[in-house]
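File shown: upload-v4.cif. Contents: mmCIF, N, CA, C and O atoms.
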```cif
data_query
#
loop_
_atom_site.label_atom_id
_atom_site.label_comp_id
_atom_site.auth_asym_id
_atom_site.auth_seq_id
_atom_site.Cartn_x
_atom_site.Cartn_y
_atom_site.Cartn_z
N MET A 1 -104.42 -40.28 284.63
CA MET A 1 -105.55 -39.75 283.91
C MET A 1 -105.68 -40.52 282.60
O MET A 1 -104.70 -40.79 281.92
N LYS A 2 -106.92 -40.85 282.26
CA LYS A 2 -107.21 -41.56 281.01
C LYS A 2 -108.10 -40.69 280.14
O LYS A 2 -108.99 -40.01 280.64
N LYS A 3 -107.84 -40.74 278.83
CA LYS A 3 -108.67 -40.01 277.87
C LYS A 3 -108.88 -40.88 276.64
O LYS A 3 -108.05 -41.72 276.31
N SER A 4 -109.97 -40.61 275.95
CA SER A 4 -110.31 -41.34 274.73
C SER A 4 -110.33 -40.35 273.56
O SER A 4 -110.84 -39.23 273.70
N TYR A 5 -109.78 -40.77 272.42
CA TYR A 5 -109.70 -39.92 271.24
C TYR A 5 -110.23 -40.65 270.03
O TYR A 5 -109.98 -41.85 269.86
N LYS A 6 -110.95 -39.94 269.18
CA LYS A 6 -111.42 -40.50 267.92
C LYS A 6 -110.24 -40.49 266.95
O LYS A 6 -109.46 -39.54 266.92
N ILE A 7 -110.10 -41.58 266.19
CA ILE A 7 -109.01 -41.67 265.22
C ILE A 7 -109.55 -42.01 263.85
O ILE A 7 -110.69 -42.47 263.71
N ASP A 8 -108.74 -41.80 262.84
CA ASP A 8 -109.05 -42.20 261.48
C ASP A 8 -107.85 -42.98 260.97
O ASP A 8 -106.75 -42.43 260.85
N VAL A 9 -108.05 -44.28 260.73
CA VAL A 9 -106.98 -45.15 260.29
C VAL A 9 -107.59 -46.17 259.32
O VAL A 9 -108.76 -46.53 259.45
N ASP A 10 -106.80 -46.62 258.34
CA ASP A 10 -107.33 -47.43 257.25
C ASP A 10 -107.43 -48.93 257.51
O ASP A 10 -108.25 -49.60 256.91
N CYS A 11 -106.56 -49.48 258.35
CA CYS A 11 -106.57 -50.94 258.53
C CYS A 11 -106.13 -51.31 259.94
O CYS A 11 -105.56 -50.50 260.66
N ALA A 12 -106.39 -52.55 260.31
CA ALA A 12 -106.05 -53.02 261.66
C ALA A 12 -104.54 -53.02 261.88
O ALA A 12 -104.08 -52.71 262.99
N ASN A 13 -103.76 -53.33 260.87
CA ASN A 13 -102.30 -53.31 261.00
C ASN A 13 -101.81 -51.89 261.28
O ASN A 13 -100.93 -51.69 262.11
N CYS A 14 -102.38 -50.93 260.59
CA CYS A 14 -102.02 -49.52 260.82
C CYS A 14 -102.40 -49.09 262.23
O CYS A 14 -101.66 -48.36 262.89
N ALA A 15 -103.55 -49.56 262.71
CA ALA A 15 -103.98 -49.24 264.07
C ALA A 15 -102.99 -49.81 265.08
O ALA A 15 -102.67 -49.16 266.08
N ASN A 16 -102.48 -51.02 264.82
CA ASN A 16 -101.49 -51.62 265.71
C ASN A 16 -100.20 -50.80 265.73
O ASN A 16 -99.61 -50.60 266.79
N LYS A 17 -99.78 -50.30 264.57
CA LYS A 17 -98.59 -49.45 264.50
C LYS A 17 -98.80 -48.17 265.30
O LYS A 17 -97.89 -47.71 266.00
N MET A 18 -100.01 -47.60 265.20
CA MET A 18 -100.32 -46.39 265.96
C MET A 18 -100.27 -46.67 267.46
O MET A 18 -99.75 -45.85 268.23
N GLU A 19 -100.80 -47.81 267.87
CA GLU A 19 -100.81 -48.17 269.29
C GLU A 19 -99.38 -48.28 269.82
O GLU A 19 -99.07 -47.74 270.89
N GLN A 20 -98.51 -48.94 269.08
CA GLN A 20 -97.12 -49.09 269.52
C GLN A 20 -96.41 -47.74 269.57
O GLN A 20 -95.65 -47.48 270.50
N ALA A 21 -96.66 -46.89 268.57
CA ALA A 21 -96.04 -45.56 268.56
C ALA A 21 -96.50 -44.74 269.77
O ALA A 21 -95.71 -44.05 270.40
N ALA A 22 -97.78 -44.83 270.09
CA ALA A 22 -98.32 -44.09 271.24
C ALA A 22 -97.71 -44.60 272.54
O ALA A 22 -97.32 -43.82 273.40
N LYS A 23 -97.61 -45.93 272.69
CA LYS A 23 -97.05 -46.51 273.91
C LYS A 23 -95.59 -46.11 274.12
O LYS A 23 -95.13 -46.01 275.25
N ASN A 24 -94.87 -45.86 273.03
CA ASN A 24 -93.45 -45.50 273.11
C ASN A 24 -93.23 -43.99 273.27
O ASN A 24 -92.08 -43.54 273.26
N THR A 25 -94.29 -43.23 273.41
CA THR A 25 -94.19 -41.78 273.56
C THR A 25 -93.99 -41.44 275.04
O THR A 25 -94.74 -41.91 275.89
N PRO A 26 -92.98 -40.62 275.36
CA PRO A 26 -92.78 -40.20 276.75
C PRO A 26 -94.03 -39.52 277.31
O PRO A 26 -94.66 -38.70 276.62
N GLY A 27 -94.41 -39.88 278.51
CA GLY A 27 -95.60 -39.31 279.14
C GLY A 27 -96.82 -40.20 279.04
O GLY A 27 -97.83 -39.97 279.69
N VAL A 28 -96.73 -41.24 278.20
CA VAL A 28 -97.84 -42.18 278.04
C VAL A 28 -97.56 -43.41 278.89
O VAL A 28 -96.54 -44.06 278.73
N LYS A 29 -98.49 -43.71 279.78
CA LYS A 29 -98.37 -44.90 280.63
C LYS A 29 -98.84 -46.14 279.87
O LYS A 29 -98.22 -47.19 279.93
N ASP A 30 -99.97 -45.99 279.13
CA ASP A 30 -100.50 -47.08 278.32
C ASP A 30 -101.40 -46.50 277.24
O ASP A 30 -101.96 -45.41 277.41
N ALA A 31 -101.52 -47.24 276.15
CA ALA A 31 -102.40 -46.82 275.06
C ALA A 31 -103.00 -48.06 274.40
O ALA A 31 -102.31 -49.07 274.25
N VAL A 32 -104.26 -47.95 274.03
CA VAL A 32 -104.95 -49.03 273.34
C VAL A 32 -105.72 -48.43 272.18
O VAL A 32 -106.49 -47.48 272.37
N VAL A 33 -105.51 -48.98 270.99
CA VAL A 33 -106.24 -48.54 269.80
C VAL A 33 -107.22 -49.63 269.42
O VAL A 33 -106.85 -50.79 269.29
N ASN A 34 -108.48 -49.24 269.25
CA ASN A 34 -109.51 -50.17 268.81
C ASN A 34 -109.89 -49.81 267.39
O ASN A 34 -110.53 -48.77 267.16
N PHE A 35 -109.51 -50.67 266.44
CA PHE A 35 -109.79 -50.39 265.03
C PHE A 35 -111.29 -50.42 264.74
O PHE A 35 -111.78 -49.63 263.93
N MET A 36 -112.00 -51.30 265.39
CA MET A 36 -113.44 -51.44 265.11
C MET A 36 -114.22 -50.19 265.51
O MET A 36 -115.15 -49.79 264.81
N THR A 37 -113.86 -49.57 266.62
CA THR A 37 -114.58 -48.37 267.07
C THR A 37 -113.87 -47.09 266.66
O THR A 37 -114.40 -46.00 266.89
N LEU A 38 -112.67 -47.22 266.07
CA LEU A 38 -111.85 -46.06 265.67
C LEU A 38 -111.61 -45.13 266.86
O LEU A 38 -111.81 -43.92 266.77
N LYS A 39 -111.16 -45.72 267.96
CA LYS A 39 -110.85 -44.94 269.16
C LYS A 39 -109.49 -45.34 269.71
O LYS A 39 -109.07 -46.48 269.60
N MET A 40 -108.83 -44.35 270.30
CA MET A 40 -107.58 -44.58 270.99
C MET A 40 -107.79 -44.15 272.44
O MET A 40 -108.18 -43.02 272.71
N ASN A 41 -107.55 -45.08 273.36
CA ASN A 41 -107.62 -44.79 274.79
C ASN A 41 -106.20 -44.65 275.30
O ASN A 41 -105.38 -45.55 275.11
N VAL A 42 -105.92 -43.51 275.92
CA VAL A 42 -104.57 -43.22 276.39
C VAL A 42 -104.60 -42.96 277.89
O VAL A 42 -105.44 -42.20 278.39
N GLU A 43 -103.69 -43.62 278.60
CA GLU A 43 -103.50 -43.36 280.02
C GLU A 43 -102.17 -42.62 280.16
O GLU A 43 -101.14 -43.10 279.70
N PHE A 44 -102.23 -41.45 280.77
CA PHE A 44 -101.05 -40.60 280.91
C PHE A 44 -100.36 -40.85 282.23
O PHE A 44 -101.00 -41.18 283.23
N GLU A 45 -99.03 -40.68 282.24
CA GLU A 45 -98.28 -40.76 283.49
C GLU A 45 -98.66 -39.58 284.38
O GLU A 45 -99.06 -38.52 283.89
N ASP A 46 -98.55 -39.77 285.68
CA ASP A 46 -98.92 -38.73 286.64
C ASP A 46 -98.15 -37.43 286.37
O ASP A 46 -96.96 -37.45 286.12
N GLY A 47 -98.89 -36.31 286.41
CA GLY A 47 -98.28 -35.00 286.28
C GLY A 47 -98.02 -34.55 284.85
O GLY A 47 -97.47 -33.48 284.63
N GLN A 48 -98.43 -35.34 283.88
CA GLN A 48 -98.19 -34.99 282.47
C GLN A 48 -99.32 -34.12 281.93
O GLN A 48 -100.48 -34.27 282.31
N ASP A 49 -98.98 -33.21 281.02
CA ASP A 49 -99.96 -32.38 280.34
C ASP A 49 -100.49 -33.17 279.14
O ASP A 49 -99.75 -33.42 278.19
N ALA A 50 -101.75 -33.57 279.21
CA ALA A 50 -102.33 -34.44 278.18
C ALA A 50 -102.23 -33.82 276.78
O ALA A 50 -101.90 -34.52 275.82
N LYS A 51 -102.48 -32.54 276.65
CA LYS A 51 -102.44 -31.90 275.33
C LYS A 51 -101.03 -31.95 274.74
O LYS A 51 -100.87 -32.26 273.56
N ALA A 52 -100.04 -31.64 275.54
CA ALA A 52 -98.65 -31.65 275.05
C ALA A 52 -98.22 -33.07 274.68
O ALA A 52 -97.59 -33.28 273.63
N VAL A 53 -98.58 -34.03 275.52
CA VAL A 53 -98.21 -35.42 275.23
C VAL A 53 -98.90 -35.90 273.96
O VAL A 53 -98.29 -36.57 273.12
N MET A 54 -100.16 -35.53 273.77
CA MET A 54 -100.89 -35.99 272.58
C MET A 54 -100.34 -35.36 271.30
O MET A 54 -100.41 -35.98 270.25
N GLN A 55 -99.77 -34.17 271.38
CA GLN A 55 -99.11 -33.61 270.20
C GLN A 55 -97.94 -34.50 269.79
O GLN A 55 -97.71 -34.74 268.60
N GLU A 56 -97.20 -35.00 270.78
CA GLU A 56 -96.08 -35.91 270.49
C GLU A 56 -96.58 -37.27 270.00
O GLU A 56 -95.98 -37.86 269.10
N VAL A 57 -97.68 -37.75 270.57
CA VAL A 57 -98.27 -39.01 270.12
C VAL A 57 -98.66 -38.88 268.65
O VAL A 57 -98.37 -39.77 267.84
N ARG A 58 -99.28 -37.78 268.29
CA ARG A 58 -99.70 -37.56 266.90
C ARG A 58 -98.48 -37.57 265.97
O ARG A 58 -98.50 -38.20 264.92
N LYS A 59 -97.41 -36.89 266.37
CA LYS A 59 -96.19 -36.87 265.55
C LYS A 59 -95.62 -38.27 265.38
O LYS A 59 -95.24 -38.67 264.28
N ASN A 60 -95.55 -39.02 266.50
CA ASN A 60 -95.00 -40.37 266.43
C ASN A 60 -95.86 -41.31 265.60
O ASN A 60 -95.34 -42.15 264.87
N CYS A 61 -97.17 -41.16 265.69
CA CYS A 61 -98.06 -42.00 264.89
C CYS A 61 -97.91 -41.70 263.40
O CYS A 61 -97.94 -42.61 262.57
N ARG A 62 -97.72 -40.44 263.08
CA ARG A 62 -97.56 -40.08 261.66
C ARG A 62 -96.23 -40.55 261.09
O ARG A 62 -96.09 -40.70 259.88
N LYS A 63 -95.26 -40.79 261.95
CA LYS A 63 -93.98 -41.34 261.48
C LYS A 63 -94.17 -42.77 260.99
O LYS A 63 -93.51 -43.19 260.03
N VAL A 64 -95.03 -43.53 261.64
CA VAL A 64 -95.24 -44.93 261.26
C VAL A 64 -96.41 -45.10 260.29
O VAL A 64 -96.46 -46.08 259.55
N GLU A 65 -97.34 -44.17 260.29
CA GLU A 65 -98.50 -44.24 259.41
C GLU A 65 -98.90 -42.82 259.04
O GLU A 65 -99.66 -42.17 259.74
N ASP A 66 -98.38 -42.33 257.90
CA ASP A 66 -98.48 -40.90 257.58
C ASP A 66 -99.89 -40.40 257.28
O ASP A 66 -100.14 -39.21 257.33
N ASP A 67 -100.85 -41.30 256.98
CA ASP A 67 -102.20 -40.82 256.67
C ASP A 67 -103.19 -41.04 257.82
O ASP A 67 -104.39 -40.89 257.64
N CYS A 68 -102.68 -41.34 259.00
CA CYS A 68 -103.56 -41.51 260.16
C CYS A 68 -103.92 -40.15 260.74
O CYS A 68 -103.26 -39.15 260.48
N GLU A 69 -105.00 -40.12 261.52
CA GLU A 69 -105.39 -38.87 262.16
C GLU A 69 -105.89 -39.17 263.57
O GLU A 69 -106.56 -40.18 263.80
N ILE A 70 -105.54 -38.30 264.50
CA ILE A 70 -106.05 -38.37 265.85
C ILE A 70 -106.74 -37.04 266.10
O ILE A 70 -106.13 -35.98 265.96
N PHE A 71 -108.02 -37.08 266.43
CA PHE A 71 -108.79 -35.86 266.65
C PHE A 71 -108.69 -35.46 268.11
O PHE A 71 -109.21 -36.15 268.98
N LEU A 72 -107.96 -34.38 268.37
CA LEU A 72 -107.69 -33.95 269.75
C LEU A 72 -108.77 -33.04 270.27
O LEU A 72 -109.37 -32.29 269.76
#
```
Turn this file's structure into structure tokens for me.
Amino acid sequence: MKKSYKIDVDCANCANKMEQAAKNTPGVKDAVVNFMTLKMNVEFEDGQDAKAVMQEVRKNCRKVEDDCEIFL
């Protein structure tokens, strides 16, 4: 399953950090952050609860970039 989320991030480097943090989150098969459109596209592993996984993605992203936001 794939979903797209609106994000708020200040720079392209921060967006890259968010992308890596999302990719390293259990339950995420792949993630791509587009700084220009301020969107994060996430592909979830089969059988995963998207809402629960995205809560973990948000936590992991805030560890690397504390002022980022993902609108769930």
### Message
What would the selection look like, as a PyMOL selection string, if the PyMOL selection byres (((chain A and resi 22-35 and name CA) around 8) and name CA) were run on the coordinates I just shared?
### Response
chain A and resi 9+11-12+15-16+18-21+36-45+48+53+56-58+60-61
Region 37-53 of chain A: axis-aligned bounding box, 4 Å on each side, centre and edge lengths in Å, one decimal, as AutoDock Vina command-line options:
```
--center_x -105.8 --center_y -40.6 --center_z 276.2 --size_x 25.6 --size_y 25.9 --size_z 29.0
```
### Task
One decimal, Å: what's the distance from CA of Cys14 (chain A) over to CA of Val64 (chain A), could you say?
8.2 Å
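Scanning chain A with DSSP on the backbone, the alpha helix (DSSP H) assignments fall on Ala12, Asn13, Cys14, Ala15, Asn16, Lys17, Met18, Glu19, Gln20, Ala21, Ala22, Lys23, Ala50, Lys51, Ala52, Val53, Met54, Gln55, Glu56, Val57, Arg58, Lys59, Asn60, Cys61, Arg62, Lys63 and Val64 of chain A.
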#### Entry: Length of the CA of Glu69 (chain A) to CA of Lys6 (chain A) vector [Å]
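Answer for the CA of Glu69 (chain A) to CA of Lys6 (chain A) separation: 8.5 Å.
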### Task
Write down as a ChimeraX atom specification the residues belonging to chain A that are assigned strand (DSSP E or B) by DSSP computed on the backbone.
/A:2-8,28-34,39-44,69-71
### Task
Find the distance between CA of Asp10 (chain A) and CA of Phe71 (chain A) and write it in Å to one decimal.
15.0 Å
